[in-house]
Amino acid sequence: MSSSDTKIITVIGSGLIGRSWAMVFASGGYSVKIYDNQPGQSTKAIVEIKKQLQELEDAQMLRGEATALQQVALISSYDDLSQALEGAFFVQECVFEQLEVKQSIFQDIERLVGKDVILSSSTSCLVPSNVFSKVQNRSRCLVSHPVNPPYYVKLVELVPHPETAPAVMDTTHTLMTKVGQAPVRLRKEIDGFALNRVQAAIIAESWRLVQIFQSSPLRKPVPLDLSRWHPISTFCAEEESTNTEPDGKNWLTEKVDDYCCDIY
(Lines give C-alpha, C1' and ligand atoms only; values in the text may rest on other atoms or scores of the structure.)
Protein backbone atom coordinates (compact mmCIF):
# COMPACT_ATOMS: atom_id res chain seq x y z
CA MET A 1 0.00 0.00 0.00
CA SER A 2 1.32 3.43 -0.89
CA SER A 3 1.63 6.04 1.85
CA SER A 4 -0.39 8.34 -0.39
CA ASP A 5 -3.46 6.12 0.00
CA THR A 6 -4.02 7.27 3.57
CA LYS A 7 -2.38 9.74 5.93
CA ILE A 8 -2.89 8.12 9.34
CA ILE A 9 -0.12 6.52 11.37
CA THR A 10 -0.66 4.92 14.78
CA VAL A 11 2.06 5.02 17.42
CA ILE A 12 1.75 2.40 20.15
CA GLY A 13 3.26 3.66 23.41
CA SER A 14 3.60 7.26 24.60
CA GLY A 15 7.04 7.16 26.21
CA LEU A 16 10.11 9.02 24.97
CA ILE A 17 10.45 7.05 21.72
CA GLY A 18 6.72 7.02 21.04
CA ARG A 19 6.45 10.78 21.52
CA SER A 20 9.48 11.35 19.32
CA TRP A 21 8.10 9.17 16.53
CA ALA A 22 4.80 11.05 16.73
CA MET A 23 6.70 14.32 16.30
CA VAL A 24 8.61 12.90 13.33
CA PHE A 25 5.49 11.69 11.54
CA ALA A 26 3.58 14.91 12.26
CA SER A 27 6.45 16.94 10.87
CA GLY A 28 5.92 15.07 7.60
CA GLY A 29 2.25 16.04 7.51
CA TYR A 30 0.77 12.75 8.72
CA SER A 31 -2.10 12.46 11.15
CA VAL A 32 -0.79 10.58 14.18
CA LYS A 33 -2.78 8.59 16.70
CA ILE A 34 -0.96 7.85 19.94
CA TYR A 35 -2.18 4.89 21.99
CA ASP A 36 -1.22 3.98 25.53
CA ASN A 37 -2.86 1.29 27.65
CA GLN A 38 -2.43 3.44 30.75
CA PRO A 39 -5.45 5.76 30.90
CA GLY A 40 -4.52 9.40 30.45
CA GLN A 41 -0.89 8.77 29.47
CA SER A 42 -1.36 9.49 25.78
CA THR A 43 -3.08 12.78 26.65
CA LYS A 44 -0.15 13.75 28.86
CA ALA A 45 2.16 12.83 25.99
CA ILE A 46 0.54 15.38 23.71
CA VAL A 47 1.01 18.07 26.36
CA GLU A 48 4.71 17.24 26.46
CA ILE A 49 4.92 17.12 22.65
CA LYS A 50 3.31 20.55 22.38
CA LYS A 51 5.87 21.94 24.79
CA GLN A 52 8.79 20.38 22.91
CA LEU A 53 7.59 21.51 19.49
CA GLN A 54 7.12 25.07 20.72
CA GLU A 55 10.62 25.08 22.16
CA LEU A 56 12.01 23.73 18.91
CA GLU A 57 10.15 26.37 16.93
CA ASP A 58 11.48 29.12 19.21
CA ALA A 59 14.99 27.76 18.67
CA GLN A 60 14.41 27.54 14.90
CA MET A 61 15.00 23.79 15.04
CA LEU A 62 11.47 22.65 14.17
CA ARG A 63 11.29 20.02 11.46
CA GLY A 64 8.77 20.17 8.63
CA GLU A 65 6.97 23.02 6.91
CA ALA A 66 4.03 23.40 9.30
CA THR A 67 4.14 25.46 12.50
CA ALA A 68 4.37 23.85 15.93
CA LEU A 69 0.66 24.38 16.56
CA GLN A 70 -0.24 22.93 13.16
CA GLN A 71 1.84 19.84 13.86
CA VAL A 72 0.35 19.36 17.33
CA ALA A 73 -3.10 19.54 15.76
CA LEU A 74 -2.22 16.46 13.70
CA ILE A 75 -1.66 14.36 16.84
CA SER A 76 -4.48 12.78 18.82
CA SER A 77 -4.54 10.55 21.90
CA TYR A 78 -6.35 7.26 22.53
CA ASP A 79 -6.87 4.85 25.40
CA ASP A 80 -8.81 2.44 23.17
CA LEU A 81 -6.66 0.36 20.81
CA SER A 82 -9.32 -0.27 18.17
CA GLN A 83 -10.08 3.45 17.87
CA ALA A 84 -6.38 4.27 17.70
CA LEU A 85 -5.86 1.82 14.83
CA GLU A 86 -8.88 2.85 12.78
CA GLY A 87 -7.83 4.18 9.37
CA ALA A 88 -4.07 3.70 9.89
CA PHE A 89 -1.86 2.33 7.12
CA PHE A 90 1.26 2.11 9.31
CA VAL A 91 1.72 1.14 12.97
CA GLN A 92 4.88 1.99 14.89
CA GLU A 93 5.18 0.05 18.16
CA CYS A 94 7.16 1.64 21.01
CA VAL A 95 6.32 -0.37 24.12
CA PHE A 96 8.63 -1.89 26.74
CA GLU A 97 11.65 -3.84 25.49
CA GLN A 98 10.16 -7.13 26.67
CA LEU A 99 9.53 -9.85 24.11
CA GLU A 100 6.28 -11.13 25.62
CA VAL A 101 4.84 -7.61 25.81
CA LYS A 102 5.63 -6.91 22.17
CA GLN A 103 4.32 -10.27 21.00
CA SER A 104 1.06 -9.69 22.86
CA ILE A 105 0.47 -6.18 21.51
CA PHE A 106 1.11 -7.29 17.93
CA GLN A 107 -1.37 -10.13 18.34
CA ASP A 108 -3.96 -7.60 19.48
CA ILE A 109 -3.09 -5.21 16.66
CA GLU A 110 -3.35 -7.89 13.97
CA ARG A 111 -6.88 -8.75 15.05
CA LEU A 112 -7.95 -5.12 14.61
CA VAL A 113 -6.33 -4.01 11.36
CA GLY A 114 -6.64 -4.87 7.68
CA LYS A 115 -4.25 -7.21 5.91
CA ASP A 116 -2.35 -4.38 4.17
CA VAL A 117 -1.47 -2.41 7.31
CA ILE A 118 2.28 -2.41 7.97
CA LEU A 119 3.36 -3.47 11.46
CA SER A 120 6.66 -1.94 12.57
CA SER A 121 8.53 -2.33 15.86
CA SER A 122 10.98 0.10 17.45
CA THR A 123 12.80 -2.69 19.27
CA SER A 124 16.50 -2.05 19.70
CA CYS A 125 17.71 -5.65 19.97
CA LEU A 126 14.90 -8.20 19.58
CA VAL A 127 15.02 -9.80 16.14
CA PRO A 128 11.85 -9.64 13.99
CA SER A 129 11.45 -13.44 13.86
CA ASN A 130 10.94 -13.39 17.63
CA VAL A 131 8.94 -10.16 17.92
CA PHE A 132 6.43 -11.26 15.25
CA SER A 133 6.42 -15.00 15.95
CA LYS A 134 2.76 -14.92 17.03
CA VAL A 135 1.57 -12.79 14.10
CA GLN A 136 -0.23 -14.74 11.38
CA ASN A 137 0.65 -12.51 8.40
CA ARG A 138 4.34 -11.81 8.89
CA SER A 139 4.88 -10.53 5.35
CA ARG A 140 3.83 -7.04 6.49
CA CYS A 141 6.12 -6.94 9.54
CA LEU A 142 9.52 -5.35 10.10
CA VAL A 143 11.66 -3.56 12.67
CA SER A 144 12.27 0.17 12.24
CA HIS A 145 15.02 0.63 14.79
CA PRO A 146 15.63 4.32 15.52
CA VAL A 147 18.47 6.08 17.20
CA ASN A 148 17.04 7.41 20.45
CA PRO A 149 15.25 9.77 20.16
CA PRO A 150 14.43 9.61 16.43
CA TYR A 151 13.41 13.27 16.18
CA TYR A 152 16.92 14.46 16.92
CA VAL A 153 18.97 11.69 15.29
CA LYS A 154 17.62 10.73 11.87
CA LEU A 155 19.25 7.35 11.33
CA VAL A 156 16.82 4.43 11.36
CA GLU A 157 17.64 0.88 10.30
CA LEU A 158 14.96 -1.22 8.64
CA VAL A 159 15.28 -4.88 9.59
CA PRO A 160 13.08 -7.41 7.76
CA HIS A 161 11.47 -10.54 9.10
CA PRO A 162 12.46 -13.56 6.97
CA GLU A 163 8.96 -13.37 5.45
CA THR A 164 8.73 -9.58 5.01
CA ALA A 165 7.49 -8.64 1.55
CA PRO A 166 9.82 -6.41 -0.53
CA ALA A 167 6.93 -3.95 -1.04
CA VAL A 168 6.69 -3.48 2.74
CA MET A 169 10.37 -2.60 2.94
CA ASP A 170 9.97 -0.21 -0.01
CA THR A 171 6.94 1.52 1.47
CA THR A 172 8.60 1.92 4.86
CA HIS A 173 11.80 3.24 3.28
CA THR A 174 9.75 5.78 1.31
CA LEU A 175 7.82 6.81 4.41
CA MET A 176 10.93 7.28 6.51
CA THR A 177 12.59 9.30 3.77
CA LYS A 178 9.51 11.47 3.33
CA VAL A 179 9.40 12.40 7.03
CA GLY A 180 13.07 13.34 6.99
CA GLN A 181 14.69 10.25 8.49
CA ALA A 182 17.77 8.57 7.03
CA PRO A 183 16.72 4.92 6.58
CA VAL A 184 19.27 2.14 6.15
CA ARG A 185 17.90 -1.11 4.78
CA LEU A 186 19.29 -4.40 6.13
CA ARG A 187 19.02 -7.39 3.83
CA LYS A 188 18.24 -9.80 6.68
CA GLU A 189 17.85 -9.90 10.43
CA ILE A 190 20.92 -10.29 12.60
CA ASP A 191 21.43 -10.26 16.37
CA GLY A 192 22.11 -6.70 17.51
CA PHE A 193 21.24 -5.38 14.04
CA ALA A 194 23.94 -3.23 12.40
CA LEU A 195 23.78 -0.03 14.45
CA ASN A 196 24.16 -1.74 17.82
CA ARG A 197 27.14 -3.76 16.63
CA VAL A 198 28.93 -0.68 15.35
CA GLN A 199 28.07 1.30 18.45
CA ALA A 200 29.18 -1.51 20.76
CA ALA A 201 32.59 -1.47 19.07
CA ILE A 202 32.84 2.31 19.50
CA ILE A 203 31.81 2.09 23.15
CA ALA A 204 34.32 -0.68 23.82
CA GLU A 205 37.17 1.29 22.25
CA SER A 206 36.08 4.46 24.05
CA TRP A 207 36.19 2.57 27.35
CA ARG A 208 39.69 1.35 26.53
CA LEU A 209 40.70 4.97 25.98
CA VAL A 210 39.27 5.86 29.39
CA GLN A 211 41.37 3.13 30.97
CA ILE A 212 44.49 4.33 29.13
CA PHE A 213 43.97 7.94 30.18
CA GLN A 214 43.29 6.94 33.78
CA SER A 215 46.76 5.39 33.99
CA SER A 216 48.53 8.21 32.13
CA PRO A 217 49.83 11.61 33.34
CA LEU A 218 46.92 13.27 31.52
CA ARG A 219 44.81 15.17 34.05
CA LYS A 220 42.58 17.20 31.75
CA PRO A 221 39.16 15.59 31.22
CA VAL A 222 38.69 14.12 27.76
CA PRO A 223 35.06 14.23 26.57
CA LEU A 224 33.94 11.30 24.46
CA ASP A 225 30.67 12.02 22.68
CA LEU A 226 29.18 9.06 20.84
CA SER A 227 26.48 11.23 19.25
CA ARG A 228 23.64 9.21 20.69
CA TRP A 229 21.29 9.84 23.60
CA HIS A 230 22.46 6.88 25.63
CA PRO A 231 23.25 6.46 29.36
CA ILE A 232 26.95 6.16 28.53
CA SER A 233 27.09 8.34 25.43
CA THR A 234 29.06 11.16 27.09
CA PHE A 235 31.67 10.62 29.77
CA CYS A 236 35.15 11.82 30.75
CA ALA A 237 38.53 10.20 31.19
CA GLU A 238 40.49 11.64 34.09
CA GLU A 239 43.27 10.15 36.16
CA GLU A 240 41.87 11.24 39.50
CA SER A 241 38.31 10.09 38.77
CA THR A 242 37.38 6.54 39.74
CA ASN A 243 33.85 6.58 38.26
CA THR A 244 32.75 4.26 41.04
CA GLU A 245 29.57 4.08 43.05
CA PRO A 246 29.50 3.86 46.87
CA ASP A 247 29.66 0.06 46.78
CA GLY A 248 32.88 0.22 44.78
CA LYS A 249 31.41 -1.04 41.51
CA ASN A 250 32.29 0.74 38.32
CA TRP A 251 29.00 2.03 36.90
CA LEU A 252 30.40 2.45 33.41
CA THR A 253 31.59 -1.15 33.19
CA GLU A 254 28.15 -2.34 34.25
CA LYS A 255 26.46 -0.11 31.67
CA VAL A 256 28.66 -1.50 28.90
CA ASP A 257 27.97 -5.08 30.03
CA ASP A 258 24.22 -4.46 30.11
CA TYR A 259 24.24 -2.83 26.68
CA CYS A 260 26.28 -5.53 24.97
CA CYS A 261 24.64 -8.59 26.54
CA ASP A 262 22.00 -8.81 23.83
CA ILE A 263 24.50 -8.41 21.01
CA TYR A 264 27.12 -11.05 21.79
# chains A, B, ... in the order shown; residues from 1 in each chain; ligands from 1
>>> select_by_dssp(residues="region 6-174 of chain A", states="strand (DSSP E or B)", output="MDAnalysis selection string")
chainID A and resid 8:12 31:35 75:78 90:93 118:121 141:146 155:160
>>> write_last_selection(atoms="N, CA and C atoms", output="mmCIF file, in the first residue's frame")
data_model
loop_
_atom_site.group_PDB
_atom_site.id
_atom_site.type_symbol
_atom_site.label_atom_id
_atom_site.label_comp_id
_atom_site.auth_asym_id
_atom_site.auth_seq_id
_atom_site.Cartn_x
_atom_site.Cartn_y
_atom_site.Cartn_z
ATOM 1 N N ILE A 8 -2.844 8.366 7.902
ATOM 2 C CA ILE A 8 -2.894 8.116 9.339
ATOM 3 C C ILE A 8 -1.854 7.085 9.754
ATOM 4 N N ILE A 9 -1.094 7.427 10.783
ATOM 5 C CA ILE A 9 -0.115 6.515 11.373
ATOM 6 C C ILE A 9 -0.438 6.381 12.861
ATOM 7 N N THR A 10 -0.412 5.158 13.355
ATOM 8 C CA THR A 10 -0.659 4.917 14.776
ATOM 9 C C THR A 10 0.650 4.593 15.481
ATOM 10 N N VAL A 11 0.886 5.264 16.588
ATOM 11 C CA VAL A 11 2.064 5.016 17.423
ATOM 12 C C VAL A 11 1.586 4.330 18.700
ATOM 13 N N ILE A 12 2.143 3.166 18.975
ATOM 14 C CA ILE A 12 1.754 2.398 20.153
ATOM 15 C C ILE A 12 2.772 2.637 21.262
ATOM 16 N N SER A 31 -1.279 12.472 9.948
ATOM 17 C CA SER A 31 -2.100 12.458 11.154
ATOM 18 C C SER A 31 -1.620 11.304 12.015
ATOM 19 N N VAL A 32 -1.378 11.577 13.286
ATOM 20 C CA VAL A 32 -0.794 10.577 14.176
ATOM 21 C C VAL A 32 -1.734 10.300 15.337
ATOM 22 N N LYS A 33 -1.996 9.016 15.558
ATOM 23 C CA LYS A 33 -2.783 8.593 16.701
ATOM 24 C C LYS A 33 -1.856 7.912 17.698
ATOM 25 N N ILE A 34 -1.794 8.455 18.909
ATOM 26 C CA ILE A 34 -0.959 7.851 19.945
ATOM 27 C C ILE A 34 -1.838 7.023 20.878
ATOM 28 N N TYR A 35 -1.456 5.770 21.073
ATOM 29 C CA TYR A 35 -2.181 4.887 21.987
ATOM 30 C C TYR A 35 -1.296 4.499 23.157
ATOM 31 N N ILE A 75 -1.869 15.469 15.898
ATOM 32 C CA ILE A 75 -1.655 14.360 16.838
ATOM 33 C C ILE A 75 -2.840 14.239 17.790
ATOM 34 N N SER A 76 -3.346 13.028 17.924
ATOM 35 C CA SER A 76 -4.476 12.783 18.824
ATOM 36 C C SER A 76 -4.156 11.608 19.740
ATOM 37 N N SER A 77 -4.835 11.562 20.878
ATOM 38 C CA SER A 77 -4.541 10.546 21.897
ATOM 39 C C SER A 77 -5.696 9.569 22.055
ATOM 40 N N TYR A 78 -5.346 8.312 22.385
ATOM 41 C CA TYR A 78 -6.352 7.258 22.525
ATOM 42 C C TYR A 78 -5.983 6.302 23.646
ATOM 43 N N PHE A 90 -0.049 2.442 8.761
ATOM 44 C CA PHE A 90 1.257 2.105 9.306
ATOM 45 C C PHE A 90 1.175 2.190 10.826
ATOM 46 N N VAL A 91 1.730 1.171 11.511
ATOM 47 C CA VAL A 91 1.719 1.139 12.970
ATOM 48 C C VAL A 91 3.152 1.043 13.460
ATOM 49 N N GLN A 92 3.540 1.993 14.311
ATOM 50 C CA GLN A 92 4.883 1.986 14.890
ATOM 51 C C GLN A 92 4.779 1.674 16.375
ATOM 52 N N GLU A 93 5.255 0.502 16.767
ATOM 53 C CA GLU A 93 5.178 0.054 18.161
ATOM 54 C C GLU A 93 6.381 0.555 18.954
ATOM 55 N N ILE A 118 0.911 -2.049 7.631
ATOM 56 C CA ILE A 118 2.283 -2.414 7.968
ATOM 57 C C ILE A 118 2.481 -2.351 9.477
ATOM 58 N N LEU A 119 3.096 -3.397 10.028
ATOM 59 C CA LEU A 119 3.360 -3.471 11.462
ATOM 60 C C LEU A 119 4.864 -3.330 11.685
ATOM 61 N N SER A 120 5.244 -2.261 12.365
ATOM 62 C CA SER A 120 6.657 -1.940 12.567
ATOM 63 C C SER A 120 6.970 -1.830 14.053
ATOM 64 N N SER A 121 8.103 -2.383 14.456
ATOM 65 C CA SER A 121 8.526 -2.331 15.859
ATOM 66 C C SER A 121 9.748 -1.437 16.012
ATOM 67 N N CYS A 141 5.455 -7.298 8.292
ATOM 68 C CA CYS A 141 6.118 -6.940 9.538
ATOM 69 C C CYS A 141 7.599 -6.623 9.333
ATOM 70 N N LEU A 142 8.097 -5.666 10.104
ATOM 71 C CA LEU A 142 9.525 -5.348 10.101
ATOM 72 C C LEU A 142 9.874 -4.567 11.357
ATOM 73 N N VAL A 143 11.158 -4.417 11.593
ATOM 74 C CA VAL A 143 11.657 -3.556 12.670
ATOM 75 C C VAL A 143 12.164 -2.269 12.052
ATOM 76 N N SER A 144 11.723 -1.140 12.604
ATOM 77 C CA SER A 144 12.271 0.167 12.236
ATOM 78 C C SER A 144 12.988 0.684 13.476
ATOM 79 N N HIS A 145 14.251 0.342 13.586
ATOM 80 C CA HIS A 145 15.018 0.634 14.790
ATOM 81 C C HIS A 145 15.606 2.038 14.715
ATOM 82 N N PRO A 146 15.130 2.950 15.556
ATOM 83 C CA PRO A 146 15.630 4.320 15.517
ATOM 84 C C PRO A 146 16.811 4.524 16.446
ATOM 85 N N LEU A 155 18.964 8.705 11.785
ATOM 86 C CA LEU A 155 19.247 7.353 11.326
ATOM 87 C C LEU A 155 18.211 6.356 11.848
ATOM 88 N N VAL A 156 17.714 5.509 10.961
ATOM 89 C CA VAL A 156 16.816 4.428 11.356
ATOM 90 C C VAL A 156 17.132 3.229 10.471
ATOM 91 N N GLU A 157 17.336 2.069 11.100
ATOM 92 C CA GLU A 157 17.636 0.877 10.304
ATOM 93 C C GLU A 157 16.390 0.011 10.179
ATOM 94 N N LEU A 158 16.131 -0.409 8.965
ATOM 95 C CA LEU A 158 14.961 -1.219 8.643
ATOM 96 C C LEU A 158 15.397 -2.671 8.563
ATOM 97 N N VAL A 159 14.864 -3.489 9.477
ATOM 98 C CA VAL A 159 15.282 -4.882 9.586
ATOM 99 C C VAL A 159 14.098 -5.778 9.228
ATOM 100 N N PRO A 160 14.218 -6.578 8.182
ATOM 101 C CA PRO A 160 13.082 -7.405 7.760
ATOM 102 C C PRO A 160 12.946 -8.696 8.554
#
>>> select_by_dssp(residues="region 138-197 of chain A", states="helix (DSSP H, G or I)", output="ChimeraX atom specification")
/A:138-140,166-178,195-197
>>> closest_residue(among="A:Arg138, A:Lys115, A:Lys7, A:Lys178", to="Ala88 (chain A)", atoms="only C-alpha atoms")
A:Lys7
>>> residues_around(residues="Cys94 (chain A)", least_positions_apart="5", cutoff="9 Å", atoms="only C-alpha atoms", output="list in words")
Val11, Ile12, Gly13, Ser14, Gly15, Leu16, Ile17, Gly18, Trp21, Lys102, Ser121, Ser122 and Thr123 of chain A
>>> write_last_selection(atoms="N, CA, C and O atoms", output="JSON list (two decimals), in the first residue's frame")
[["chain", "number", "residue", "atom", "x", "y", "z"],
["A", 11, "VAL", "N", 0.89, 5.26, 16.59],
["A", 11, "VAL", "CA", 2.06, 5.02, 17.42],
["A", 11, "VAL", "C", 1.59, 4.33, 18.70],
["A", 11, "VAL", "O", 0.72, 4.86, 19.40],
["A", 12, "ILE", "N", 2.14, 3.17, 18.97],
["A", 12, "ILE", "CA", 1.75, 2.40, 20.15],
["A", 12, "ILE", "C", 2.77, 2.64, 21.26],
["A", 12, "ILE", "O", 3.93, 2.22, 21.16],
["A", 13, "GLY", "N", 2.36, 3.33, 22.31],
["A", 13, "GLY", "CA", 3.26, 3.66, 23.41],
["A", 13, "GLY", "C", 3.57, 5.15, 23.40],
["A", 13, "GLY", "O", 3.93, 5.70, 22.36],
["A", 14, "SER", "N", 3.44, 5.80, 24.55],
["A", 14, "SER", "CA", 3.60, 7.26, 24.60],
["A", 14, "SER", "C", 4.81, 7.69, 25.41],
["A", 14, "SER", "O", 4.86, 8.81, 25.93],
["A", 15, "GLY", "N", 5.81, 6.80, 25.52],
["A", 15, "GLY", "CA", 7.04, 7.16, 26.21],
["A", 15, "GLY", "C", 7.93, 8.04, 25.34],
["A", 15, "GLY", "O", 7.47, 8.61, 24.33],
["A", 16, "LEU", "N", 9.19, 8.15, 25.69],
["A", 16, "LEU", "CA", 10.11, 9.02, 24.97],
["A", 16, "LEU", "C", 10.17, 8.70, 23.48],
["A", 16, "LEU", "O", 10.05, 9.60, 22.63],
["A", 17, "ILE", "N", 10.34, 7.42, 23.13],
["A", 17, "ILE", "CA", 10.45, 7.05, 21.72],
["A", 17, "ILE", "C", 9.12, 7.22, 21.01],
["A", 17, "ILE", "O", 9.07, 7.71, 19.87],
["A", 18, "GLY", "N", 8.03, 6.85, 21.65],
["A", 18, "GLY", "CA", 6.72, 7.02, 21.04],
["A", 18, "GLY", "C", 6.41, 8.48, 20.76],
["A", 18, "GLY", "O", 5.92, 8.83, 19.68],
["A", 21, "TRP", "N", 8.61, 9.64, 17.82],
["A", 21, "TRP", "CA", 8.10, 9.17, 16.53],
["A", 21, "TRP", "C", 6.87, 9.97, 16.11],
["A", 21, "TRP", "O", 6.72, 10.32, 14.93],
["A", 102, "LYS", "N", 5.71, -7.26, 23.58],
["A", 102, "LYS", "CA", 5.63, -6.91, 22.17],
["A", 102, "LYS", "C", 4.83, -7.96, 21.39],
["A", 102, "LYS", "O", 4.01, -7.61, 20.53],
["A", 121, "SER", "N", 8.10, -2.38, 14.46],
["A", 121, "SER", "CA", 8.53, -2.33, 15.86],
["A", 121, "SER", "C", 9.75, -1.44, 16.01],
["A", 121, "SER", "O", 10.62, -1.40, 15.14],
["A", 122, "SER", "N", 9.83, -0.74, 17.14],
["A", 122, "SER", "CA", 10.98, 0.10, 17.45],
["A", 122, "SER", "C", 12.03, -0.63, 18.28],
["A", 122, "SER", "O", 12.97, 0.00, 18.77],
["A", 123, "THR", "N", 11.88, -1.94, 18.43],
["A", 123, "THR", "CA", 12.80, -2.69, 19.27],
["A", 123, "THR", "C", 14.25, -2.40, 18.91],
["A", 123, "THR", "O", 14.60, -2.24, 17.75]]
>>> closest_residue(among="A:Met23, A:Arg140, A:Ala200, A:Leu62", to="Thr172 (chain A)", atoms="only C-alpha atoms")
A:Arg140
>>> atom_distance(atom1="CA of Glu110 (chain A)", atom2="CA of Asn137 (chain A)")
8.3 Å
>>> atom_distance(atom1="CA of Phe132 (chain A)", atom2="CA of Ile109 (chain A)")
11.4 Å
